[in-house]
>>> print(open('run-v1.cif').read())   # mmCIF, C-alpha atoms
data_target
#
loop_
_atom_site.label_atom_id
_atom_site.label_comp_id
_atom_site.auth_asym_id
_atom_site.auth_seq_id
_atom_site.Cartn_x
_atom_site.Cartn_y
_atom_site.Cartn_z
CA MET A 182 -21.43 48.46 64.00
CA VAL A 183 -21.98 51.03 61.27
CA THR A 184 -22.93 54.51 62.42
CA LEU A 185 -25.58 56.64 60.78
CA GLU A 186 -22.89 59.05 59.60
CA GLU A 187 -21.02 56.20 57.88
CA GLN A 188 -24.24 55.00 56.21
CA PHE A 189 -24.98 58.56 55.06
CA ASN A 190 -21.47 59.01 53.63
CA THR A 191 -21.65 55.65 51.84
CA ARG A 192 -25.00 56.47 50.22
CA VAL A 193 -23.88 59.96 49.18
CA SER A 194 -20.61 58.72 47.69
CA ALA A 195 -22.42 55.95 45.79
CA PHE A 196 -24.94 58.49 44.49
CA LEU A 197 -22.21 60.90 43.37
CA GLY A 198 -20.36 58.06 41.65
CA THR A 199 -23.35 56.72 39.74
CA THR A 200 -24.92 60.01 38.68
CA GLY A 201 -21.87 62.11 37.95
CA LEU A 202 -23.51 64.94 39.85
CA GLY A 203 -20.96 67.21 41.50
CA PRO A 204 -20.85 67.50 45.30
CA THR A 205 -21.48 71.24 45.10
CA THR A 206 -24.52 70.67 42.89
CA LEU A 207 -25.85 67.98 45.23
CA GLY A 208 -25.54 70.27 48.25
CA MET A 209 -27.15 73.15 46.40
CA LYS A 210 -30.07 71.16 44.98
CA ALA A 211 -30.72 69.10 48.11
CA VAL A 212 -30.48 71.74 50.85
CA GLY A 213 -29.45 75.00 49.20
CA ASP A 214 -25.88 74.86 50.57
CA PRO A 215 -23.17 74.43 47.94
CA ASN A 216 -20.50 73.96 50.64
CA LEU A 217 -22.31 71.16 52.51
CA MET A 218 -20.41 68.21 51.02
CA ARG A 219 -17.05 69.95 51.44
CA GLN A 220 -17.85 70.63 55.11
CA ILE A 221 -18.94 67.00 55.65
CA GLU A 222 -15.71 65.86 54.05
CA ARG A 223 -13.79 68.02 56.53
CA GLY A 224 -15.50 66.41 59.51
CA ARG A 225 -18.77 68.28 60.00
CA SER A 226 -21.60 65.96 60.95
CA PRO A 227 -24.85 66.90 59.26
CA SER A 228 -27.92 67.37 61.42
CA LEU A 229 -30.61 64.70 61.12
CA ARG A 230 -32.82 67.20 59.30
CA THR A 231 -30.11 67.99 56.76
CA ALA A 232 -29.25 64.32 56.27
CA ASP A 233 -32.95 63.52 55.76
CA ARG A 234 -33.24 66.27 53.13
CA VAL A 235 -30.19 65.02 51.25
CA LEU A 236 -31.40 61.40 51.38
CA ALA A 237 -34.88 62.46 50.25
CA PHE A 238 -33.32 64.27 47.29
CA ILE A 239 -31.29 61.15 46.44
CA ALA A 240 -34.40 58.95 46.70
CA GLY A 241 -36.38 61.33 44.50
CA TYR A 242 -33.70 61.47 41.82
CA LYS A 243 -35.49 59.24 39.31
CA LEU A 244 -34.38 57.43 36.17
CA ASP A 245 -35.72 58.86 32.94
CA SER A 246 -36.82 56.71 29.99
CA GLY A 247 -33.30 56.39 28.58
CA GLY A 248 -31.82 55.05 31.80
CA ALA A 249 -30.07 58.30 32.71
CA ARG A 250 -30.93 60.01 35.95
CA ALA A 251 -33.08 63.11 35.88
CA PRO A 252 -33.65 65.54 38.74
CA PRO A 253 -36.99 65.25 40.55
CA GLY A 254 -39.89 67.51 39.71
CA LYS A 255 -39.26 67.95 35.96
CA PRO A 256 -41.15 65.11 34.28
CA GLY A 257 -41.85 66.95 31.02
CA ARG A 258 -38.24 67.85 30.29
CA SER A 259 -36.16 64.75 29.95
CA LYS A 260 -32.66 64.96 28.56
CA PRO A 261 -31.44 62.57 25.90
CA ALA A 262 -29.82 59.47 27.34
CA THR A 263 -26.14 60.19 27.78
CA ARG A 264 -23.43 58.68 29.86
CA ALA A 265 -23.19 60.19 33.30
CA ARG A 266 -20.29 62.59 33.42
CA THR A 267 -18.06 62.30 36.41
CA THR A 268 -15.67 65.11 36.94
CA LYS A 269 -12.36 64.65 38.66
CA ARG A 270 -13.66 66.69 41.55
CA SER A 271 -16.85 64.67 42.09
CA ARG A 272 -14.90 61.42 41.80
CA ALA A 273 -12.34 62.63 44.32
CA MET A 274 -15.07 63.84 46.68
CA SER A 275 -16.92 60.52 46.55
CA GLU A 276 -13.68 58.64 47.19
CA ARG A 277 -12.87 60.85 50.18
CA LEU A 278 -16.38 60.39 51.59
CA ARG A 279 -16.11 56.62 51.12
CA ASP A 280 -12.67 56.58 52.79
CA LYS A 281 -14.00 58.68 55.65
CA SER A 282 -16.88 56.29 56.23
CA THR A 283 -14.60 53.26 56.38
CA ARG A 284 -11.74 54.64 58.43
CA LEU A 285 -12.02 55.21 62.14
CA ARG A 286 -11.28 58.62 63.53
CA THR A 287 -9.16 58.53 66.64
CA ARG A 288 -9.93 61.37 68.99
CA PHE A 289 -8.37 62.05 72.35
CA LEU A 290 -10.38 63.27 75.32
CA ARG A 291 -9.22 65.42 78.20
CA ILE A 292 -10.02 64.31 81.72
CA SER A 293 -12.81 66.92 81.93
CA ALA A 294 -14.52 65.43 78.85
CA VAL A 295 -14.18 61.91 80.29
CA GLU A 296 -15.70 63.15 83.55
CA ALA A 297 -18.61 64.73 81.67
CA ARG A 298 -19.31 61.63 79.57
CA THR A 299 -19.07 59.07 82.34
CA GLY A 300 -20.27 61.00 85.39
CA LEU A 301 -17.25 59.71 87.30
CA SER A 302 -14.96 61.92 89.33
CA ARG A 303 -11.38 62.60 88.32
CA SER A 304 -9.95 60.52 91.18
CA THR A 305 -12.25 57.56 90.38
CA ILE A 306 -11.20 57.63 86.72
CA TYR A 307 -7.50 57.54 87.61
CA GLU A 308 -8.06 54.88 90.30
CA TRP A 309 -10.13 52.62 88.05
CA SER A 310 -7.67 53.07 85.17
CA ALA A 311 -4.81 51.93 87.42
CA ALA A 312 -6.89 48.94 88.60
CA GLY A 313 -7.88 47.94 85.04
CA ARG A 314 -11.59 48.71 85.49
CA PHE A 315 -11.51 51.65 83.06
CA PRO A 316 -9.62 52.23 79.79
CA PRO A 317 -6.06 53.36 80.49
CA PRO A 318 -4.97 56.83 79.38
CA VAL A 319 -2.49 57.51 76.59
CA ARG A 320 0.55 59.53 77.59
CA LEU A 321 1.20 62.11 74.87
CA SER A 322 4.08 63.81 76.70
CA ASP A 323 5.53 64.02 80.20
CA ARG A 324 2.58 66.01 81.50
CA VAL A 325 -0.18 65.41 78.95
CA VAL A 326 -2.51 62.44 79.40
CA ARG A 327 -5.58 61.75 77.25
CA TRP A 328 -8.14 58.98 76.79
CA VAL A 329 -9.12 57.45 73.46
CA GLU A 330 -12.74 58.44 72.75
CA SER A 331 -13.75 55.10 71.19
CA GLU A 332 -12.45 53.17 74.22
CA VAL A 333 -14.41 55.37 76.64
CA GLU A 334 -17.56 55.02 74.50
CA GLU A 335 -17.10 51.24 74.39
CA TRP A 336 -16.72 51.16 78.18
CA ILE A 337 -20.00 53.11 78.52
CA ARG A 338 -21.78 50.73 76.10
CA GLU A 339 -20.54 47.72 78.07
CA ARG A 340 -21.95 49.18 81.29
CA ILE A 341 -25.32 49.74 79.64
CA GLU A 342 -25.39 46.20 78.24
CA ARG A 343 -24.50 44.71 81.63
CA ARG A 344 -27.28 46.66 83.29
CA ARG A 345 -29.81 45.56 80.69
CA ALA A 346 -28.73 41.94 80.99
CA ALA A 347 -28.94 42.03 84.80
CA ALA A 348 -32.22 43.96 85.05
CA PRO A 349 -35.35 41.81 85.25
CA ALA A 350 -37.91 42.42 82.54
CA THR A 351 -40.70 44.48 84.02
CA THR A 352 -44.04 45.25 82.49
CA ARG A 353 -46.34 48.16 83.20
CA ASN A 354 -49.99 47.70 83.98
#
>>> encode(input="run-v1.cif", output="structure tokens")
Amino acid sequence: MVTLEEQFNTRVSAFLGTTGLGPTTLGMKAVGDPNLMRQIERGRSPSLRTADRVLAFIAGYKLDSGGARAPPGKPGRSKPATRARTTKRSRAMSERLRDKSTRLRTRFLRISAVEARTGLSRSTIYEWSAAGRFPPPVRLSDRVVRWVESEVEEWIRERIERRRAAAPATTRN
């Protein structure tokens, strides 16, 4: 299952690779923030509004008559058809964004975060983990125990799917 963030990163990296536009320029022209792409690369998730603005900019970035891309809103001033320049920096940024979208981030959760996400009590979490009804914790040291975020999220998704499968289809009048 591909997340929206992964889809966003894939589209942005493809756009940067094909146009030769720098990540700083893209952030500045799309949302007025030259540091946006650098922050996304470092793990910041863009808001839906910001992602929509960036994707709208990408969609509006039209081809001019020579096949080169021209920025939106300047139809009378087309540049001569030239090869898209890709700088080392924009290439590296697009590769990092592409790598980020394909690799899974492993995050550990404290017991308090697991309690908050699941609504279960601390004792129930430990009891169900020991019984095999909940993902087991990872022991990081003698006294430090954490849960893998993706395993907890998967457990929650499974519960939701079971409930939907077991619930009879009801219709409103």
>>> resolve_selection(input="run-v1.cif", expression="the PyMOL selection byres ((chain A and resi 205-218) around 9)", output="PyMOL selection string")
chain A and resi 197+202-204+219-223+225+227+231+234-239+271+274+278
>>> resolve_selection(input="run-v1.cif", expression="the PyMOL selection byres ((chain A and resi 333) around 9)", output="PyMOL selection string")
chain A and resi 290+295+298-299+315-316+328-332+334-338
>>> closest_residue(input="run-v1.cif", among="A:Phe189, A:Tyr307, A:Ser194, A:Thr199", to="Ala273 in chain A", atoms="all atoms listed in the file")
A:Ser194
>>> closest_residue(input="run-v1.cif", among="A:Leu229, A:Pro349, A:Ile341, A:Arg327", to="Arg288 in chain A", atoms="all atoms listed in the file")
A:Arg327
>>> closest_residue(input="run-v1.cif", among="A:Ser226, A:Ser293, A:Thr191, A:Thr200", to="Glu276 in chain A", atoms="all atoms listed in the file")
A:Thr191
